[in-house]
file work.cif (mmCIF, N, CA and C atoms)
data_target
#
loop_
_atom_site.label_atom_id
_atom_site.label_comp_id
_atom_site.auth_asym_id
_atom_site.auth_seq_id
_atom_site.Cartn_x
_atom_site.Cartn_y
_atom_site.Cartn_z
N MET Y 25 94.27 97.99 99.13
CA MET Y 25 94.43 97.65 97.74
C MET Y 25 95.80 98.12 97.27
N ILE Y 26 96.57 97.25 96.63
CA ILE Y 26 97.89 97.56 96.10
C ILE Y 26 97.75 97.85 94.62
N THR Y 27 98.36 98.93 94.18
CA THR Y 27 98.23 99.28 92.77
C THR Y 27 99.59 99.48 92.14
N ASN Y 28 99.64 99.28 90.84
CA ASN Y 28 100.76 99.68 90.01
C ASN Y 28 100.17 100.03 88.66
N LYS Y 29 101.02 100.40 87.72
CA LYS Y 29 100.53 100.86 86.43
C LYS Y 29 99.75 99.80 85.67
N GLU Y 30 100.08 98.53 85.88
CA GLU Y 30 99.51 97.47 85.06
C GLU Y 30 98.31 96.78 85.69
N GLN Y 31 98.19 96.80 87.01
CA GLN Y 31 97.12 96.03 87.61
C GLN Y 31 96.79 96.53 89.01
N ILE Y 32 95.65 96.15 89.48
CA ILE Y 32 95.24 96.41 90.85
C ILE Y 32 95.12 95.04 91.52
N VAL Y 33 95.76 94.89 92.66
CA VAL Y 33 95.72 93.62 93.37
C VAL Y 33 94.92 93.82 94.65
N GLU Y 34 93.81 93.15 94.75
CA GLU Y 34 92.98 93.21 95.94
C GLU Y 34 93.67 92.42 97.06
N PRO Y 35 93.46 92.80 98.32
CA PRO Y 35 94.11 92.11 99.43
C PRO Y 35 93.88 90.60 99.44
N GLN Y 36 92.65 90.14 99.17
CA GLN Y 36 92.37 88.70 99.18
C GLN Y 36 93.13 87.99 98.06
N GLU Y 37 93.20 88.64 96.90
CA GLU Y 37 93.93 88.04 95.78
C GLU Y 37 95.42 87.93 96.12
N LEU Y 38 95.97 88.95 96.76
CA LEU Y 38 97.38 88.90 97.16
C LEU Y 38 97.59 87.77 98.16
N SER Y 39 96.71 87.63 99.13
CA SER Y 39 96.82 86.54 100.10
C SER Y 39 96.79 85.18 99.41
N GLN Y 40 95.95 85.03 98.39
CA GLN Y 40 95.88 83.77 97.66
C GLN Y 40 97.16 83.52 96.87
N ARG Y 41 97.72 84.55 96.26
CA ARG Y 41 98.98 84.40 95.52
C ARG Y 41 100.11 83.99 96.45
N ILE Y 42 100.17 84.63 97.61
CA ILE Y 42 101.19 84.27 98.59
C ILE Y 42 101.01 82.81 99.01
N GLY Y 43 99.78 82.42 99.28
CA GLY Y 43 99.49 81.04 99.65
C GLY Y 43 99.88 80.05 98.57
N GLN Y 44 99.64 80.41 97.32
CA GLN Y 44 100.02 79.54 96.20
C GLN Y 44 101.53 79.35 96.16
N ARG Y 45 102.27 80.40 96.43
CA ARG Y 45 103.73 80.30 96.41
C ARG Y 45 104.23 79.41 97.55
N ILE Y 46 103.65 79.58 98.72
CA ILE Y 46 104.05 78.75 99.86
C ILE Y 46 103.75 77.29 99.55
N ARG Y 47 102.54 77.01 99.06
CA ARG Y 47 102.16 75.64 98.73
C ARG Y 47 103.07 75.06 97.64
N ALA Y 48 103.31 75.83 96.61
CA ALA Y 48 104.13 75.34 95.49
C ALA Y 48 105.54 74.99 95.96
N GLU Y 49 106.13 75.83 96.79
CA GLU Y 49 107.49 75.55 97.26
C GLU Y 49 107.50 74.35 98.20
N ARG Y 50 106.51 74.26 99.07
CA ARG Y 50 106.43 73.11 99.98
C ARG Y 50 106.30 71.82 99.19
N LYS Y 51 105.43 71.82 98.19
CA LYS Y 51 105.22 70.61 97.38
C LYS Y 51 106.45 70.30 96.53
N ARG Y 52 107.10 71.35 96.01
CA ARG Y 52 108.31 71.14 95.21
C ARG Y 52 109.37 70.42 96.04
N LEU Y 53 109.41 70.73 97.32
CA LEU Y 53 110.37 70.08 98.22
C LEU Y 53 109.87 68.72 98.71
N GLY Y 54 108.62 68.38 98.39
CA GLY Y 54 108.07 67.08 98.77
C GLY Y 54 107.66 66.99 100.23
N TRP Y 55 107.32 68.12 100.84
CA TRP Y 55 106.94 68.15 102.25
C TRP Y 55 105.44 68.25 102.41
N THR Y 56 104.93 67.67 103.49
CA THR Y 56 103.54 67.88 103.88
C THR Y 56 103.49 69.15 104.74
N GLN Y 57 102.29 69.62 105.02
CA GLN Y 57 102.15 70.76 105.92
C GLN Y 57 102.69 70.43 107.31
N VAL Y 58 102.45 69.21 107.74
CA VAL Y 58 102.95 68.77 109.05
C VAL Y 58 104.47 68.80 109.07
N GLU Y 59 105.09 68.30 108.00
CA GLU Y 59 106.56 68.31 107.92
C GLU Y 59 107.12 69.74 107.92
N LEU Y 60 106.46 70.63 107.20
CA LEU Y 60 106.89 72.01 107.18
C LEU Y 60 106.78 72.61 108.59
N SER Y 61 105.69 72.34 109.26
CA SER Y 61 105.52 72.82 110.63
C SER Y 61 106.64 72.29 111.53
N GLU Y 62 106.94 71.01 111.41
CA GLU Y 62 108.01 70.41 112.21
C GLU Y 62 109.36 71.06 111.92
N ARG Y 63 109.59 71.39 110.65
CA ARG Y 63 110.86 72.02 110.26
C ARG Y 63 110.98 73.45 110.78
N THR Y 64 109.85 74.07 111.15
CA THR Y 64 109.89 75.39 111.79
C THR Y 64 109.92 75.22 113.31
N HIS Y 65 110.12 73.98 113.77
CA HIS Y 65 110.15 73.64 115.20
C HIS Y 65 108.83 74.02 115.88
N GLY Y 66 107.74 73.90 115.10
CA GLY Y 66 106.42 74.17 115.64
C GLY Y 66 106.06 75.64 115.78
N VAL Y 67 106.96 76.53 115.36
CA VAL Y 67 106.65 77.96 115.44
C VAL Y 67 105.44 78.26 114.57
N LEU Y 68 105.38 77.62 113.40
CA LEU Y 68 104.21 77.73 112.52
C LEU Y 68 103.49 76.39 112.57
N SER Y 69 102.27 76.40 113.04
CA SER Y 69 101.50 75.16 113.14
C SER Y 69 101.03 74.70 111.76
N GLN Y 70 100.63 73.46 111.68
CA GLN Y 70 100.08 72.93 110.42
C GLN Y 70 98.84 73.71 110.05
N SER Y 71 98.03 74.06 111.03
CA SER Y 71 96.82 74.81 110.77
C SER Y 71 97.13 76.20 110.20
N ARG Y 72 98.12 76.86 110.77
CA ARG Y 72 98.49 78.19 110.27
C ARG Y 72 99.02 78.09 108.85
N ILE Y 73 99.86 77.10 108.59
CA ILE Y 73 100.39 76.90 107.23
C ILE Y 73 99.24 76.66 106.26
N GLY Y 74 98.28 75.84 106.66
CA GLY Y 74 97.10 75.59 105.83
C GLY Y 74 96.33 76.87 105.55
N ASN Y 75 96.19 77.71 106.57
CA ASN Y 75 95.50 78.99 106.38
C ASN Y 75 96.27 79.89 105.42
N TYR Y 76 97.59 79.91 105.52
CA TYR Y 76 98.39 80.69 104.58
C TYR Y 76 98.15 80.19 103.16
N GLU Y 77 98.24 78.88 103.00
CA GLU Y 77 98.12 78.29 101.66
C GLU Y 77 96.74 78.52 101.05
N GLN Y 78 95.72 78.57 101.87
CA GLN Y 78 94.36 78.81 101.37
C GLN Y 78 94.06 80.29 101.16
N GLY Y 79 94.97 81.15 101.61
CA GLY Y 79 94.75 82.59 101.49
C GLY Y 79 93.84 83.14 102.57
N ALA Y 80 93.56 82.33 103.60
CA ALA Y 80 92.70 82.79 104.70
C ALA Y 80 93.47 83.72 105.64
N ARG Y 81 94.77 83.53 105.70
CA ARG Y 81 95.66 84.39 106.50
C ARG Y 81 96.86 84.73 105.63
N ARG Y 82 97.48 85.83 105.95
CA ARG Y 82 98.69 86.24 105.23
C ARG Y 82 99.85 86.29 106.21
N PRO Y 83 100.99 85.65 105.87
CA PRO Y 83 102.13 85.67 106.79
C PRO Y 83 102.70 87.08 106.92
N GLY Y 84 103.15 87.40 108.12
CA GLY Y 84 103.86 88.64 108.34
C GLY Y 84 105.31 88.49 107.91
N ILE Y 85 106.07 89.53 108.11
CA ILE Y 85 107.47 89.52 107.70
C ILE Y 85 108.24 88.43 108.43
N GLU Y 86 108.02 88.29 109.73
CA GLU Y 86 108.75 87.30 110.51
C GLU Y 86 108.44 85.88 110.03
N ALA Y 87 107.16 85.60 109.78
CA ALA Y 87 106.77 84.27 109.31
C ALA Y 87 107.33 84.01 107.91
N ALA Y 88 107.30 85.02 107.05
CA ALA Y 88 107.86 84.86 105.70
C ALA Y 88 109.35 84.58 105.77
N ARG Y 89 110.04 85.28 106.67
CA ARG Y 89 111.48 85.04 106.83
C ARG Y 89 111.73 83.62 107.33
N LEU Y 90 110.94 83.16 108.30
CA LEU Y 90 111.09 81.81 108.83
C LEU Y 90 110.81 80.77 107.74
N LEU Y 91 109.76 80.97 106.97
CA LEU Y 91 109.45 80.05 105.87
C LEU Y 91 110.59 80.01 104.86
N ALA Y 92 111.10 81.18 104.48
CA ALA Y 92 112.19 81.24 103.50
C ALA Y 92 113.43 80.53 104.03
N GLU Y 93 113.75 80.76 105.30
CA GLU Y 93 114.91 80.08 105.90
C GLU Y 93 114.69 78.57 105.95
N THR Y 94 113.47 78.16 106.25
CA THR Y 94 113.15 76.74 106.33
C THR Y 94 113.21 76.10 104.94
N PHE Y 95 112.66 76.76 103.95
CA PHE Y 95 112.73 76.24 102.57
C PHE Y 95 114.17 76.27 102.06
N ALA Y 96 114.92 77.31 102.41
CA ALA Y 96 116.32 77.49 101.98
C ALA Y 96 116.46 77.60 100.46
N THR Y 97 115.38 77.87 99.75
CA THR Y 97 115.43 77.94 98.28
C THR Y 97 114.80 79.22 97.75
N VAL Y 98 114.13 79.97 98.61
CA VAL Y 98 113.44 81.19 98.19
C VAL Y 98 113.72 82.30 99.20
N ARG Y 99 113.38 83.52 98.82
CA ARG Y 99 113.57 84.67 99.70
C ARG Y 99 112.20 85.13 100.23
N PRO Y 100 112.20 85.75 101.40
CA PRO Y 100 110.92 86.20 101.97
C PRO Y 100 110.17 87.13 101.02
N GLU Y 101 110.87 88.02 100.32
CA GLU Y 101 110.19 88.95 99.43
C GLU Y 101 109.51 88.23 98.27
N TRP Y 102 110.06 87.09 97.86
CA TRP Y 102 109.40 86.30 96.82
C TRP Y 102 108.12 85.69 97.38
N LEU Y 103 108.21 85.12 98.58
CA LEU Y 103 107.02 84.53 99.19
C LEU Y 103 105.91 85.55 99.34
N LEU Y 104 106.26 86.79 99.66
CA LEU Y 104 105.27 87.84 99.87
C LEU Y 104 104.87 88.56 98.58
N CYS Y 105 105.32 88.04 97.44
CA CYS Y 105 104.98 88.57 96.11
C CYS Y 105 105.48 90.00 95.89
N LEU Y 106 106.53 90.38 96.58
CA LEU Y 106 107.08 91.72 96.39
C LEU Y 106 107.88 91.84 95.11
N ASP Y 107 108.11 90.72 94.45
CA ASP Y 107 108.85 90.73 93.19
C ASP Y 107 107.95 91.05 92.00
N GLN Y 108 106.66 91.23 92.21
CA GLN Y 108 105.70 91.42 91.12
C GLN Y 108 105.43 92.87 90.80
N PHE Y 109 106.09 93.78 91.46
CA PHE Y 109 105.78 95.18 91.25
C PHE Y 109 106.87 95.85 90.43
N PRO Y 110 106.50 96.66 89.45
CA PRO Y 110 107.46 97.32 88.57
C PRO Y 110 108.47 98.13 89.36
N GLY Y 111 109.67 98.20 88.81
CA GLY Y 111 110.70 99.00 89.43
C GLY Y 111 111.63 98.20 90.32
N LEU Y 112 111.16 97.06 90.81
CA LEU Y 112 112.03 96.25 91.64
C LEU Y 112 113.05 95.49 90.79
N LEU Y 113 112.59 94.93 89.70
CA LEU Y 113 113.47 94.20 88.78
C LEU Y 113 113.14 94.59 87.35
N SER Y 114 114.18 94.70 86.55
CA SER Y 114 113.94 94.91 85.12
C SER Y 114 113.44 93.60 84.54
N PRO Y 115 112.87 93.62 83.33
CA PRO Y 115 112.42 92.36 82.72
C PRO Y 115 113.54 91.33 82.59
N SER Y 116 114.75 91.78 82.25
CA SER Y 116 115.88 90.85 82.13
C SER Y 116 116.26 90.25 83.48
N GLU Y 117 116.24 91.09 84.53
CA GLU Y 117 116.54 90.58 85.87
C GLU Y 117 115.49 89.58 86.32
N ALA Y 118 114.23 89.88 86.04
CA ALA Y 118 113.15 88.96 86.42
C ALA Y 118 113.27 87.63 85.68
N GLU Y 119 113.63 87.70 84.40
CA GLU Y 119 113.81 86.46 83.62
C GLU Y 119 114.98 85.64 84.17
N LEU Y 120 116.09 86.31 84.47
CA LEU Y 120 117.24 85.61 85.02
C LEU Y 120 116.89 84.96 86.35
N LEU Y 121 116.18 85.68 87.19
CA LEU Y 121 115.77 85.14 88.47
C LEU Y 121 114.83 83.95 88.30
N ALA Y 122 113.89 84.05 87.37
CA ALA Y 122 112.96 82.93 87.11
C ALA Y 122 113.73 81.69 86.64
N CYS Y 123 114.69 81.90 85.74
CA CYS Y 123 115.50 80.78 85.26
C CYS Y 123 116.30 80.16 86.40
N PHE Y 124 116.88 81.01 87.24
CA PHE Y 124 117.66 80.54 88.38
C PHE Y 124 116.80 79.69 89.31
N ARG Y 125 115.61 80.16 89.61
CA ARG Y 125 114.72 79.44 90.53
C ARG Y 125 114.17 78.15 89.93
N ALA Y 126 114.11 78.08 88.62
CA ALA Y 126 113.51 76.92 87.96
C ALA Y 126 114.49 75.76 87.81
N THR Y 127 115.75 75.98 88.14
CA THR Y 127 116.74 74.92 87.96
C THR Y 127 117.14 74.33 89.31
N ASP Y 128 117.84 73.21 89.25
CA ASP Y 128 118.28 72.55 90.48
C ASP Y 128 119.53 73.24 91.03
N SER Y 129 120.05 72.77 92.16
CA SER Y 129 121.17 73.43 92.81
C SER Y 129 122.43 73.41 91.93
N ARG Y 130 122.62 72.36 91.16
CA ARG Y 130 123.77 72.30 90.25
C ARG Y 130 123.64 73.38 89.17
N GLY Y 131 122.46 73.52 88.59
CA GLY Y 131 122.23 74.55 87.60
C GLY Y 131 122.38 75.94 88.19
N GLN Y 132 121.92 76.12 89.43
CA GLN Y 132 122.06 77.42 90.09
C GLN Y 132 123.53 77.78 90.29
N ARG Y 133 124.35 76.80 90.68
CA ARG Y 133 125.79 77.05 90.83
C ARG Y 133 126.41 77.44 89.49
N ARG Y 134 125.98 76.79 88.41
CA ARG Y 134 126.52 77.11 87.09
C ARG Y 134 126.12 78.53 86.67
N ILE Y 135 124.87 78.91 86.94
CA ILE Y 135 124.42 80.26 86.61
C ILE Y 135 125.25 81.28 87.39
N LEU Y 136 125.47 81.03 88.67
CA LEU Y 136 126.28 81.94 89.48
C LEU Y 136 127.71 82.04 88.96
N ASN Y 137 128.27 80.91 88.57
CA ASN Y 137 129.64 80.92 88.03
C ASN Y 137 129.73 81.75 86.76
N VAL Y 138 128.75 81.61 85.89
CA VAL Y 138 128.73 82.41 84.65
C VAL Y 138 128.60 83.89 85.00
N ALA Y 139 127.69 84.22 85.90
CA ALA Y 139 127.49 85.63 86.29
C ALA Y 139 128.76 86.21 86.89
N ARG Y 140 129.44 85.44 87.71
CA ARG Y 140 130.70 85.92 88.31
C ARG Y 140 131.77 86.12 87.24
N ALA Y 141 131.84 85.21 86.28
CA ALA Y 141 132.82 85.35 85.20
C ALA Y 141 132.54 86.60 84.37
N VAL Y 142 131.28 86.85 84.07
CA VAL Y 142 130.90 88.04 83.31
C VAL Y 142 131.23 89.29 84.12
N ARG Y 143 130.92 89.27 85.41
CA ARG Y 143 131.24 90.41 86.27
C ARG Y 143 132.73 90.68 86.27
N GLU Y 144 133.53 89.63 86.39
CA GLU Y 144 134.99 89.78 86.41
C GLU Y 144 135.49 90.34 85.08
N ALA Y 145 134.96 89.85 83.97
CA ALA Y 145 135.36 90.36 82.66
C ALA Y 145 134.97 91.83 82.52
N SER Y 146 133.79 92.19 82.98
CA SER Y 146 133.34 93.59 82.93
C SER Y 146 134.20 94.46 83.82
N SER Y 147 134.56 93.96 84.97
CA SER Y 147 135.38 94.70 85.92
C SER Y 147 136.74 95.02 85.31
N THR Y 148 137.33 94.04 84.67
CA THR Y 148 138.64 94.22 84.04
C THR Y 148 138.56 95.18 82.87
N ALA Y 149 137.54 95.02 82.04
CA ALA Y 149 137.40 95.85 80.84
C ALA Y 149 137.03 97.29 81.15
N GLU Y 150 136.23 97.51 82.20
CA GLU Y 150 135.73 98.85 82.49
C GLU Y 150 136.45 99.53 83.64
N GLY Y 151 137.48 98.90 84.17
CA GLY Y 151 138.22 99.54 85.25
C GLY Y 151 137.49 99.54 86.58
N GLY Y 152 136.69 98.55 86.83
CA GLY Y 152 135.99 98.43 88.10
C GLY Y 152 134.50 98.29 87.91
N PHE Y 153 133.90 97.43 88.73
CA PHE Y 153 132.47 97.17 88.62
C PHE Y 153 131.99 96.72 89.98
N ALA Y 154 131.04 97.41 90.53
CA ALA Y 154 130.54 97.08 91.87
C ALA Y 154 129.46 96.01 91.78
N CYS Y 155 129.69 94.92 92.46
CA CYS Y 155 128.70 93.85 92.53
C CYS Y 155 129.03 93.01 93.74
N SER Y 156 128.05 92.75 94.56
CA SER Y 156 128.30 91.96 95.75
C SER Y 156 128.34 90.49 95.40
N THR Y 157 129.10 89.75 96.16
CA THR Y 157 129.21 88.31 95.99
C THR Y 157 128.45 87.63 97.10
N VAL Y 158 127.60 86.69 96.74
CA VAL Y 158 126.84 85.91 97.71
C VAL Y 158 127.33 84.49 97.65
N SER Y 159 127.71 83.95 98.77
CA SER Y 159 128.22 82.57 98.79
C SER Y 159 127.17 81.63 99.26
#

call {"tool": "encode", "arguments": {"input": "work.cif", "output": "structure tokens"}}
result
Amino acid sequence: MITNKEQIVEPQELSQRIGQRIRAERKRLGWTQVELSERTHGVLSQSRIGNYEQGARRPGIEAARLLAETFATVRPEWLLCLDQFPGLLSPSEAELLACFRATDSRGQRRILNVARAVREASSTAEGGFACSTVS
């Protein structure tokens, strides 16, 4: 059982949430389970993907990484619902991330450009600002 200050998440409920995220991303990309399996070069079978989506099985770290790489739109920690626990992201960071994920690739590039411009302005005004750049 996973706990935090706001809620208790039972293992089966967590498996179902993870499955919902996998299904939602697969459908958002317009892929069938068979197509997703093929895109993993058969490493993840259609049956296994179906089990993940139904919450009957939970992907391990390696499978989550493979799914995230295959989707190319999400991170493994998002698939595994690790973003739902306090302390990982502030409310503002979570909102920014949700907005970023909800937009298309053009919108994501625009959000990144704005963030980089703000970082640069902050760096100049404050005499330095540490922030990694992701291309």

call {"tool": "closest_residue", "arguments": {"input": "work.cif", "among": "Y:Arg99, Y:Tyr76, Y:Ser146, Y:Glu34", "to": "Arg47 (chain Y)", "atoms": "all atoms listed in the file"}}
result
Y:Tyr76

call {"tool": "residues_around", "arguments": {"input": "work.cif", "residues": "Arg81 (chain Y)", "least_positions_apart": "5", "cutoff": "8 Å", "atoms": "all atoms listed in the file", "output": "NGL selection string"}}
result
:Y and (39-40 or 43 or 72 or 74-76)

call {"tool": "closest_residue", "arguments": {"input": "work.cif", "among": "Y:Thr64, Y:Thr94, Y:Ser69, Y:Gln78", "to": "Glu49 (chain Y)", "atoms": "only C-alpha atoms"}}
result
Y:Thr94

call {"tool": "select_by_dssp", "arguments": {"input": "work.cif", "residues": "chain Y", "states": "strand (DSSP E)", "output": "ChimeraX atom specification"}}
result
/Y:26-27,32-33

call {"tool": "select_by_dssp", "arguments": {"input": "work.cif", "residues": "region 25-109 of chain Y", "states": "helix (DSSP H, G or I)", "output": "number ranges by chain"}}
result
Y: 35-52, 57-63, 70-78, 85-95, 100-103, 106-108

call {"tool": "write_last_selection", "arguments": {"input": "work.cif", "atoms": "N, CA and C atoms", "output": "short mmCIF file (atom, residue, chain, number, x, y, z; two decimals), keeping the file's coordinate frame"}}
result
data_model
loop_
_atom_site.label_atom_id
_atom_site.label_comp_id
_atom_site.auth_asym_id
_atom_site.auth_seq_id
_atom_site.Cartn_x
_atom_site.Cartn_y
_atom_site.Cartn_z
N PRO Y 35 93.46 92.80 98.32
CA PRO Y 35 94.11 92.11 99.43
C PRO Y 35 93.88 90.60 99.44
N GLN Y 36 92.65 90.14 99.17
CA GLN Y 36 92.37 88.70 99.18
C GLN Y 36 93.13 87.99 98.06
N GLU Y 37 93.20 88.64 96.90
CA GLU Y 37 93.93 88.04 95.78
C GLU Y 37 95.42 87.93 96.12
N LEU Y 38 95.97 88.95 96.76
CA LEU Y 38 97.38 88.90 97.16
C LEU Y 38 97.59 87.77 98.16
N SER Y 39 96.71 87.63 99.13
CA SER Y 39 96.82 86.54 100.10
C SER Y 39 96.79 85.18 99.41
N GLN Y 40 95.95 85.03 98.39
CA GLN Y 40 95.88 83.77 97.66
C GLN Y 40 97.16 83.52 96.87
N ARG Y 41 97.72 84.55 96.26
CA ARG Y 41 98.98 84.40 95.52
C ARG Y 41 100.11 83.99 96.45
N ILE Y 42 100.17 84.63 97.61
CA ILE Y 42 101.19 84.27 98.59
C ILE Y 42 101.01 82.81 99.01
N GLY Y 43 99.78 82.42 99.28
CA GLY Y 43 99.49 81.04 99.65
C GLY Y 43 99.88 80.05 98.57
N GLN Y 44 99.64 80.41 97.32
CA GLN Y 44 100.02 79.54 96.20
C GLN Y 44 101.53 79.35 96.16
N ARG Y 45 102.27 80.40 96.43
CA ARG Y 45 103.73 80.30 96.41
C ARG Y 45 104.23 79.41 97.55
N ILE Y 46 103.65 79.58 98.72
CA ILE Y 46 104.05 78.75 99.86
C ILE Y 46 103.75 77.29 99.55
N ARG Y 47 102.54 77.01 99.06
CA ARG Y 47 102.16 75.64 98.73
C ARG Y 47 103.07 75.06 97.64
N ALA Y 48 103.31 75.83 96.61
CA ALA Y 48 104.13 75.34 95.49
C ALA Y 48 105.54 74.99 95.96
N GLU Y 49 106.13 75.83 96.79
CA GLU Y 49 107.49 75.55 97.26
C GLU Y 49 107.50 74.35 98.20
N ARG Y 50 106.51 74.26 99.07
CA ARG Y 50 106.43 73.11 99.98
C ARG Y 50 106.30 71.82 99.19
N LYS Y 51 105.43 71.82 98.19
CA LYS Y 51 105.22 70.61 97.38
C LYS Y 51 106.45 70.30 96.53
N ARG Y 52 107.10 71.35 96.01
CA ARG Y 52 108.31 71.14 95.21
C ARG Y 52 109.37 70.42 96.04
N GLN Y 57 102.29 69.62 105.02
CA GLN Y 57 102.15 70.76 105.92
C GLN Y 57 102.69 70.43 107.31
N VAL Y 58 102.45 69.21 107.74
CA VAL Y 58 102.95 68.77 109.05
C VAL Y 58 104.47 68.80 109.07
N GLU Y 59 105.09 68.30 108.00
CA GLU Y 59 106.56 68.31 107.92
C GLU Y 59 107.12 69.74 107.92
N LEU Y 60 106.46 70.63 107.20
CA LEU Y 60 106.89 72.01 107.18
C LEU Y 60 106.78 72.61 108.59
N SER Y 61 105.69 72.34 109.26
CA SER Y 61 105.52 72.82 110.63
C SER Y 61 106.64 72.29 111.53
N GLU Y 62 106.94 71.01 111.41
CA GLU Y 62 108.01 70.41 112.21
C GLU Y 62 109.36 71.06 111.92
N ARG Y 63 109.59 71.39 110.65
CA ARG Y 63 110.86 72.02 110.26
C ARG Y 63 110.98 73.45 110.78
N GLN Y 70 100.63 73.46 111.68
CA GLN Y 70 100.08 72.93 110.42
C GLN Y 70 98.84 73.71 110.05
N SER Y 71 98.03 74.06 111.03
CA SER Y 71 96.82 74.81 110.77
C SER Y 71 97.13 76.20 110.20
N ARG Y 72 98.12 76.86 110.77
CA ARG Y 72 98.49 78.19 110.27
C ARG Y 72 99.02 78.09 108.85
N ILE Y 73 99.86 77.10 108.59
CA ILE Y 73 100.39 76.90 107.23
C ILE Y 73 99.24 76.66 106.26
N GLY Y 74 98.28 75.84 106.66
CA GLY Y 74 97.10 75.59 105.83
C GLY Y 74 96.33 76.87 105.55
N ASN Y 75 96.19 77.71 106.57
CA ASN Y 75 95.50 78.99 106.38
C ASN Y 75 96.27 79.89 105.42
N TYR Y 76 97.59 79.91 105.52
CA TYR Y 76 98.39 80.69 104.58
C TYR Y 76 98.15 80.19 103.16
N GLU Y 77 98.24 78.88 103.00
CA GLU Y 77 98.12 78.29 101.66
C GLU Y 77 96.74 78.52 101.05
N GLN Y 78 95.72 78.57 101.87
CA GLN Y 78 94.36 78.81 101.37
C GLN Y 78 94.06 80.29 101.16
N ILE Y 85 106.07 89.53 108.11
CA ILE Y 85 107.47 89.52 107.70
C ILE Y 85 108.24 88.43 108.43
N GLU Y 86 108.02 88.29 109.73
CA GLU Y 86 108.75 87.30 110.51
C GLU Y 86 108.44 85.88 110.03
N ALA Y 87 107.16 85.60 109.78
CA ALA Y 87 106.77 84.27 109.31
C ALA Y 87 107.33 84.01 107.91
N ALA Y 88 107.30 85.02 107.05
CA ALA Y 88 107.86 84.86 105.70
C ALA Y 88 109.35 84.58 105.77
N ARG Y 89 110.04 85.28 106.67
CA ARG Y 89 111.48 85.04 106.83
C ARG Y 89 111.73 83.62 107.33
N LEU Y 90 110.94 83.16 108.30
CA LEU Y 90 111.09 81.81 108.83
C LEU Y 90 110.81 80.77 107.74
N LEU Y 91 109.76 80.97 106.97
CA LEU Y 91 109.45 80.05 105.87
C LEU Y 91 110.59 80.01 104.86
N ALA Y 92 111.10 81.18 104.48
CA ALA Y 92 112.19 81.24 103.50
C ALA Y 92 113.43 80.53 104.03
N GLU Y 93 113.75 80.76 105.30
CA GLU Y 93 114.91 80.08 105.90
C GLU Y 93 114.69 78.57 105.95
N THR Y 94 113.47 78.16 106.25
CA THR Y 94 113.15 76.74 106.33
C THR Y 94 113.21 76.10 104.94
N PHE Y 95 112.66 76.76 103.95
CA PHE Y 95 112.73 76.24 102.57
C PHE Y 95 114.17 76.27 102.06
N PRO Y 100 112.20 85.75 101.40
CA PRO Y 100 110.92 86.20 101.97
C PRO Y 100 110.17 87.13 101.02
N GLU Y 101 110.87 88.02 100.32
CA GLU Y 101 110.19 88.95 99.43
C GLU Y 101 109.51 88.23 98.27
N TRP Y 102 110.06 87.09 97.86
CA TRP Y 102 109.40 86.30 96.82
C TRP Y 102 108.12 85.69 97.38
N LEU Y 103 108.21 85.12 98.58
CA LEU Y 103 107.02 84.53 99.19
C LEU Y 103 105.91 85.55 99.34
N LEU Y 106 106.53 90.38 96.58
CA LEU Y 106 107.08 91.72 96.39
C LEU Y 106 107.88 91.84 95.11
N ASP Y 107 108.11 90.72 94.45
CA ASP Y 107 108.85 90.73 93.19
C ASP Y 107 107.95 91.05 92.00
N GLN Y 108 106.66 91.23 92.21
CA GLN Y 108 105.70 91.42 91.12
C GLN Y 108 105.43 92.87 90.80
#

call {"tool": "atom_distance", "arguments": {"input": "work.cif", "atom1": "atom C of Ala48 (chain Y)", "atom2": "atom N of Ile135 (chain Y)"}}
result
21.7 Å

call {"tool": "closest_residue", "arguments": {"input": "work.cif", "among": "Y:Pro35, Y:Ala145, Y:Gly131, Y:Leu60", "to": "Glu93 (chain Y)", "atoms": "only C-alpha atoms"}}
result
Y:Leu60

call {"tool": "atom_distance", "arguments": {"input": "work.cif", "atom1": "CA of Leu53 (chain Y)", "atom2": "atom C of Phe95 (chain Y)"}}
result
8.2 Å

call {"tool": "atom_distance", "arguments": {"input": "work.cif", "atom1": "CA of Glu77 (chain Y)", "atom2": "atom N of Ile46 (chain Y)"}}
result
6.4 Å

call {"tool": "residues_around", "arguments": {"input": "work.cif", "residues": "Leu90 (chain Y)", "least_positions_apart": "3", "cutoff": "12 Å", "atoms": "only C-alpha atoms", "output": "number ranges by chain"}}
result
Y: 46, 60-61, 63-68, 73, 83-87, 93-96, 98-101, 103

call {"tool": "closest_residue", "arguments": {"input": "work.cif", "among": "Y:Cys123, Y:Glu117, Y:Leu104, Y:Val138", "to": "Leu38 (chain Y)", "atoms": "all atoms listed in the file"}}
result
Y:Leu104

call {"tool": "closest_residue", "arguments": {"input": "work.cif", "among": "Y:Trp102, Y:Thr97, Y:Gln108, Y:Thr148", "to": "Arg125 (chain Y)", "atoms": "all atoms listed in the file"}}
result
Y:Thr97
